[in-house]
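Undergrad: Structure: structure.pdb, PDB, C-alpha atoms, pLDDT in the B column.
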ATOM      1  CA  MET O 287     137.444 111.408  72.596  1.00 76.00           C
ATOM      2  CA  VAL O 288     135.243 111.057  75.674  1.00 79.00           C
ATOM      3  CA  PHE O 289     133.070 113.901  76.907  1.00 67.00           C
ATOM      4  CA  GLN O 290     133.677 114.314  80.631  1.00 68.00           C
ATOM      5  CA  TYR O 291     132.002 116.654  83.065  1.00 69.00           C
ATOM      6  CA  THR O 292     132.364 117.203  86.784  1.00 72.00           C
ATOM      7  CA  ASN O 293     128.996 118.710  87.680  1.00 76.00           C
ATOM      8  CA  ALA O 294     125.703 119.866  86.195  1.00 75.00           C
ATOM      9  CA  PHE O 295     123.299 122.629  87.105  1.00 82.00           C
ATOM     10  CA  VAL O 296     120.325 124.475  85.684  1.00 87.00           C
ATOM     11  CA  THR O 297     120.085 128.257  85.486  1.00 86.00           C
ATOM     12  CA  ILE O 298     117.060 130.490  85.030  1.00 88.00           C
ATOM     13  CA  ALA O 299     117.423 133.959  83.513  1.00 83.00           C
ATOM     14  CA  SER O 300     115.086 136.574  84.951  1.00 86.00           C
ATOM     15  CA  ILE O 301     114.561 140.292  84.587  1.00 84.00           C
ATOM     16  CA  SER O 302     112.715 140.059  87.923  1.00 86.00           C
ATOM     17  CA  TYR O 303     115.845 138.730  89.621  1.00 90.00           C
ATOM     18  CA  GLU O 304     115.049 139.759  93.223  1.00 92.00           C
ATOM     19  CA  LYS O 305     111.483 138.424  93.018  1.00 92.00           C
ATOM     20  CA  LEU O 306     112.669 135.070  91.693  1.00 93.00           C
ATOM     21  CA  VAL O 307     115.495 134.731  94.248  1.00 94.00           C
ATOM     22  CA  ASN O 308     112.990 135.503  97.001  1.00 95.00           C
ATOM     23  CA  PHE O 309     110.511 132.953  95.613  1.00 95.00           C
ATOM     24  CA  TYR O 310     113.088 130.140  95.421  1.00 94.00           C
ATOM     25  CA  SER O 311     114.493 131.030  98.854  1.00 95.00           C
ATOM     26  CA  LYS O 312     111.011 130.526 100.291  1.00 97.00           C
ATOM     27  CA  LEU O 313     110.120 127.520  98.134  1.00 94.00           C
ATOM     28  CA  LEU O 314     113.349 125.659  98.918  1.00 94.00           C
ATOM     29  CA  GLU O 315     113.476 127.019 102.486  1.00 94.00           C
ATOM     30  CA  GLN O 316     117.107 128.042 102.148  1.00 94.00           C
ATOM     31  CA  LYS O 317     119.214 131.055 101.320  1.00 95.00           C
ATOM     32  CA  PRO O 318     121.457 131.058  98.242  1.00 93.00           C
ATOM     33  CA  VAL O 319     124.920 129.566  98.870  1.00 92.00           C
ATOM     34  CA  ILE O 320     126.326 132.100  96.412  1.00 92.00           C
ATOM     35  CA  LEU O 321     124.778 135.547  96.219  1.00 93.00           C
ATOM     36  CA  ILE O 322     125.992 138.396  94.047  1.00 92.00           C
ATOM     37  CA  PRO O 323     123.242 141.025  94.463  1.00 89.00           C
ATOM     38  CA  ASN O 324     121.398 141.843  91.234  1.00 86.00           C
ATOM     39  CA  VAL O 325     123.667 139.446  89.312  1.00 89.00           C
ATOM     40  CA  TYR O 326     123.603 135.812  90.432  1.00 92.00           C
ATOM     41  CA  ALA O 327     122.226 133.534  93.132  1.00 93.00           C
ATOM     42  CA  GLU O 328     122.883 129.822  93.460  1.00 92.00           C
ATOM     43  CA  PHE O 329     121.065 127.202  95.505  1.00 93.00           C
ATOM     44  CA  ASN O 330     122.359 123.725  96.310  1.00 89.00           C
ATOM     45  CA  LEU O 331     119.656 121.129  95.806  1.00 89.00           C
ATOM     46  CA  VAL O 332     119.757 117.615  97.238  1.00 86.00           C
ATOM     47  CA  SER O 333     120.437 116.111  93.815  1.00 83.00           C
ATOM     48  CA  MET O 334     120.150 117.109  90.209  1.00 77.00           C
ATOM     49  CA  ARG O 335     118.945 114.885  87.418  1.00 62.00           C
ATOM     50  CA  LEU O 336     118.138 115.702  83.808  1.00 63.00           C
ATOM     51  CA  GLY O 337     114.868 114.219  82.648  1.00 63.00           C
ATOM     52  CA  ILE O 338     113.798 114.246  79.013  1.00 62.00           C
ATOM     53  CA  PHE O 339     110.149 113.565  78.417  1.00 68.00           C
ATOM     54  CA  LYS O 340     107.580 113.652  75.661  1.00 69.00           C
ATOM     55  CA  PRO O 341     104.565 115.671  76.748  1.00 70.00           C
ATOM     56  CA  LYS O 342     101.118 114.168  76.646  1.00 74.00           C
ATOM     57  CA  ASN O 343      99.136 115.110  73.540  1.00 80.00           C
ATOM     58  CA  THR O 344      96.886 117.311  75.666  1.00 81.00           C
ATOM     59  CA  ASN O 345      99.911 119.377  76.813  1.00 76.00           C
ATOM     60  CA  GLU O 346     101.844 119.628  73.517  1.00 73.00           C
ATOM     61  CA  SER O 347     100.773 123.208  72.788  1.00 75.00           C
ATOM     62  CA  GLU O 348     102.532 124.317  75.984  1.00 69.00           C
ATOM     63  CA  PHE O 349     105.853 123.214  74.484  1.00 65.00           C
ATOM     64  CA  GLU O 350     105.511 124.633  70.956  1.00 62.00           C
ATOM     65  CA  ALA O 351     107.622 127.526  69.691  1.00 53.00           C
ATOM     66  CA  ILE O 352     105.784 130.739  68.878  1.00 48.00           C
ATOM     67  CA  SER O 353     107.184 133.124  66.284  1.00 46.00           C
ATOM     68  CA  ASN O 354     106.182 136.698  65.652  1.00 45.00           C
ATOM     69  CA  ASP O 355     106.305 138.769  62.450  1.00 48.00           C
ATOM     70  CA  LYS O 356     109.837 140.111  63.033  1.00 43.00           C
ATOM     71  CA  PRO O 357     112.582 138.261  61.144  1.00 43.00           C
ATOM     72  CA  LEU O 358     114.888 136.037  63.190  1.00 41.00           C
ATOM     73  CA  CYS O 359     112.759 136.510  66.275  1.00 40.00           C
ATOM     74  CA  VAL O 360     111.265 133.423  67.881  1.00 42.00           C
ATOM     75  CA  TYR O 361     109.660 133.242  71.292  1.00 41.00           C
ATOM     76  CA  THR O 362     109.704 129.765  72.746  1.00 45.00           C
ATOM     77  CA  LYS O 363     107.532 128.446  75.519  1.00 61.00           C
ATOM     78  CA  SER O 364     109.768 126.674  78.007  1.00 67.00           C
ATOM     79  CA  LYS O 365     110.700 123.122  77.084  1.00 69.00           C
ATOM     80  CA  ILE O 366     112.491 122.634  80.399  1.00 77.00           C
ATOM     81  CA  SER O 367     110.766 121.993  83.709  1.00 84.00           C
ATOM     82  CA  LEU O 368     112.261 122.055  87.176  1.00 90.00           C
ATOM     83  CA  CYS O 369     110.986 118.783  88.601  1.00 88.00           C
ATOM     84  CA  LEU O 370     111.054 118.543  92.374  1.00 91.00           C
ATOM     85  CA  GLU O 371     110.428 115.108  93.821  1.00 89.00           C
ATOM     86  CA  VAL O 372     108.580 115.497  97.098  1.00 92.00           C
ATOM     87  CA  SER O 373     107.659 113.072  99.862  1.00 93.00           C
ATOM     88  CA  ASN O 374     104.139 114.476 100.254  1.00 94.00           C
ATOM     89  CA  LEU O 375     102.486 116.095  97.248  1.00 95.00           C
ATOM     90  CA  GLU O 376      99.642 117.673  99.208  1.00 96.00           C
ATOM     91  CA  ASP O 377     102.107 119.357 101.604  1.00 95.00           C
ATOM     92  CA  ALA O 378     104.119 120.669  98.646  1.00 95.00           C
ATOM     93  CA  ILE O 379     100.939 122.049  97.035  1.00 96.00           C
ATOM     94  CA  ALA O 380     100.016 123.733 100.324  1.00 96.00           C
ATOM     95  CA  HIS O 381     103.512 125.255 100.540  1.00 96.00           C
ATOM     96  CA  LEU O 382     103.314 126.698  97.011  1.00 95.00           C
ATOM     97  CA  THR O 383      99.802 127.949  97.675  1.00 96.00           C
ATOM     98  CA  ALA O 384     100.977 129.700 100.857  1.00 96.00           C
ATOM     99  CA  LEU O 385     103.679 131.409  98.759  1.00 95.00           C
ATOM    100  CA  GLY O 386     100.949 132.715  96.460  1.00 95.00           C
ATOM    101  CA  TYR O 387     101.677 130.399  93.516  1.00 94.00           C
ATOM    102  CA  PRO O 388      99.147 127.570  93.709  1.00 95.00           C
ATOM    103  CA  PRO O 389      99.203 124.922  90.989  1.00 93.00           C
ATOM    104  CA  SER O 390      96.648 125.707  88.319  1.00 83.00           C
ATOM    105  CA  GLY O 391      95.557 122.175  87.461  1.00 89.00           C
ATOM    106  CA  ASN O 392      94.725 118.912  89.129  1.00 94.00           C
ATOM    107  CA  ILE O 393      97.009 116.144  90.316  1.00 96.00           C
ATOM    108  CA  SER O 394      97.666 113.712  87.494  1.00 93.00           C
ATOM    109  CA  ILE O 395      98.594 110.070  87.775  1.00 91.00           C
ATOM    110  CA  ALA O 396     101.615 108.982  85.737  1.00 82.00           C
ATOM    111  CA  ASP O 397     103.397 105.638  85.510  1.00 80.00           C
ATOM    112  CA  HIS O 398     106.042 106.940  87.911  1.00 83.00           C
ATOM    113  CA  GLY O 399     103.658 108.414  90.502  1.00 90.00           C
ATOM    114  CA  ARG O 400     101.522 111.507  91.063  1.00 94.00           C
ATOM    115  CA  GLU O 401     102.418 114.992  89.855  1.00 93.00           C
ATOM    116  CA  ILE O 402     101.134 118.495  89.380  1.00 94.00           C
ATOM    117  CA  TYR O 403     102.340 121.518  87.423  1.00 92.00           C
ATOM    118  CA  ALA O 404     102.925 124.895  88.997  1.00 93.00           C
ATOM    119  CA  TYR O 405     104.774 128.013  87.863  1.00 91.00           C
ATOM    120  CA  ASP O 406     107.275 130.352  89.467  1.00 90.00           C
ATOM    121  CA  PRO O 407     106.829 134.156  89.344  1.00 89.00           C
ATOM    122  CA  ASP O 408     108.442 134.281  85.872  1.00 82.00           C
ATOM    123  CA  GLY O 409     106.217 131.537  84.503  1.00 85.00           C
ATOM    124  CA  ASN O 410     108.880 128.802  84.559  1.00 85.00           C
ATOM    125  CA  ARG O 411     107.264 125.405  84.898  1.00 88.00           C
ATOM    126  CA  LEU O 412     107.681 123.459  88.132  1.00 90.00           C
ATOM    127  CA  ILE O 413     106.644 119.831  88.324  1.00 89.00           C
ATOM    128  CA  LEU O 414     105.986 118.580  91.826  1.00 91.00           C
ATOM    129  CA  HIS O 415     106.263 114.815  91.758  1.00 91.00           C
ATOM    130  CA  GLN O 416     105.568 112.159  94.377  1.00 92.00           C
ATOM    131  CA  GLY O 417     106.843 108.709  93.469  1.00 87.00           C
ATOM    132  CA  LYS O 418     104.817 105.562  93.931  1.00 82.00           C
ATOM    133  CA  GLU O 419     106.959 104.501  96.893  1.00 73.00           C
ATOM    134  CA  SER O 420     106.140 107.622  98.930  1.00 56.00           C
TER     135      SER O 420
END
Produce structure tokens that represent the structure in this file.

TA:
Amino acid sequence: MVFQYTNAFVTIASISYEKLVNFYSKLLEQKPVILIPNVYAEFNLVSMRLGIFKPKNTNESEFEAISNDKPLCVYTKSKISLCLEVSNLEDAIAHLTALGYPPSGNISIADHGREIYAYDPDGNRLILHQGKES
């Protein structure tokens, strides 16, 4: 049997639904293509890829699960990042900063280009990435 799919998308759950929809509307500079108030909003991105990566040793603690004392209750730090490839990293940083969510660290150099971490209003990780070709 072959596993077949026709499309893929990522969803983010948020108690602060309106705040997050507003943030992504401004970040992506578009309105949702599907909007069910207080229920669901969907944005069409240029392309969607799934990247699986091993974090650097210095960032591993950000990806570890945290459990509390209650049985069967585990809080997990996000293992998924929304990676947005940009043509100009400095412009993207300026855009996020203007929205009130500046990246907290410095630009890092990876084999595939330059990148920086930022976070949306719910604390979901965004990776802004500029490839070597840009």

Undergrad: Evaluate the PyMOL selection byres ((chain O and resi 316) around 12) on the structure here and hand back the selected residues as a PyMOL selection string.

TA: chain O and resi 307-315+317-320+327-332

Undergrad: Rank nothing, just name the residue among O:Ser390, O:Asn345, O:Ser367, O:Asn374 nearest to Thr297 in chain O, using only C-alpha atoms.

TA: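 Selected residue with least distance to Thr297 in chain O: O:Ser367.
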
Undergrad: Within 12 Å of (107.2, 134.4, 94.3), in the coordinates the file gives, what residues turn up when you count only C-alpha atoms, written out as a list in words?

TA: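 Neighbouring residues, ordered by chain and number, come to Ser302, Tyr303, Glu304, Lys305, Leu306, Val307, Asn308, Phe309, Tyr310, Ser311, Lys312, Leu313, Leu314, His381, Leu382, Thr383, Ala384, Leu385, Gly386, Tyr387, Pro388, Ala404, Tyr405, Asp406, Pro407, Asp408, Gly409 and Asn410 of chain O.
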
Undergrad: Quick check, in Å to one decimal: how far apart do CA of Pro389 in chain O and CA of Glu346 in chain O lie?

TA: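 Separating CA of Pro389 in chain O from CA of Glu346 in chain O is a distance of 18.4 Å.
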
Undergrad: One decimal, Å: what's the distance from CA of Arg400 in chain O over to CA of His415 in chain O, could you say?

TA: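 Rounded to one decimal, the two atoms are 5.8 Å apart.
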
Undergrad: In Å, with one decimal, what is the gap from CA of Leu370 in chain O to CA of Pro341 in chain O?

TA: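 Spanning CA of Leu370 in chain O to CA of Pro341 in chain O is a straight-line distance of 17.2 Å.
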
Undergrad: Which neighbours of Cys369 in chain O fall inside 7 Å, counting all atoms listed in the file, when residues of the same chain fewer than 3 positions from it are skipped, and could you give them as a PyMOL selection string?

TA: chain O and resi 412-415

Undergrad: Padding 8 Å on every side, please: axis-aligned box over the listed atoms of range 369-384 of chain O, centre and edge lengths to one decimal in Å, as AutoDock Vina command-line options.

TA:
--center_x 105.3 --center_y 121.4 --center_z 95.1 --size_x 27.4 --size_y 32.6 --size_z 29.0

Undergrad: For Asp377 in chain O, which residue among O:Asp397, O:Ser300, O:Gln416, O:Leu321 is the nearest when counting all atoms listed in the file?

TA: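 For Asp377 in chain O, the nearest of the given residues is O:Gln416.
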
Undergrad: So, with all atoms listed in the file as the atoms that count, which of O:Ile402, O:Ala380, O:Ile395, O:Met287 lies closest to Leu368 in chain O?

TA: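 Of O:Ile402, O:Ala380, O:Ile395, O:Met287, the one nearest Leu368 in chain O is O:Ile402, counting all atoms listed in the file.
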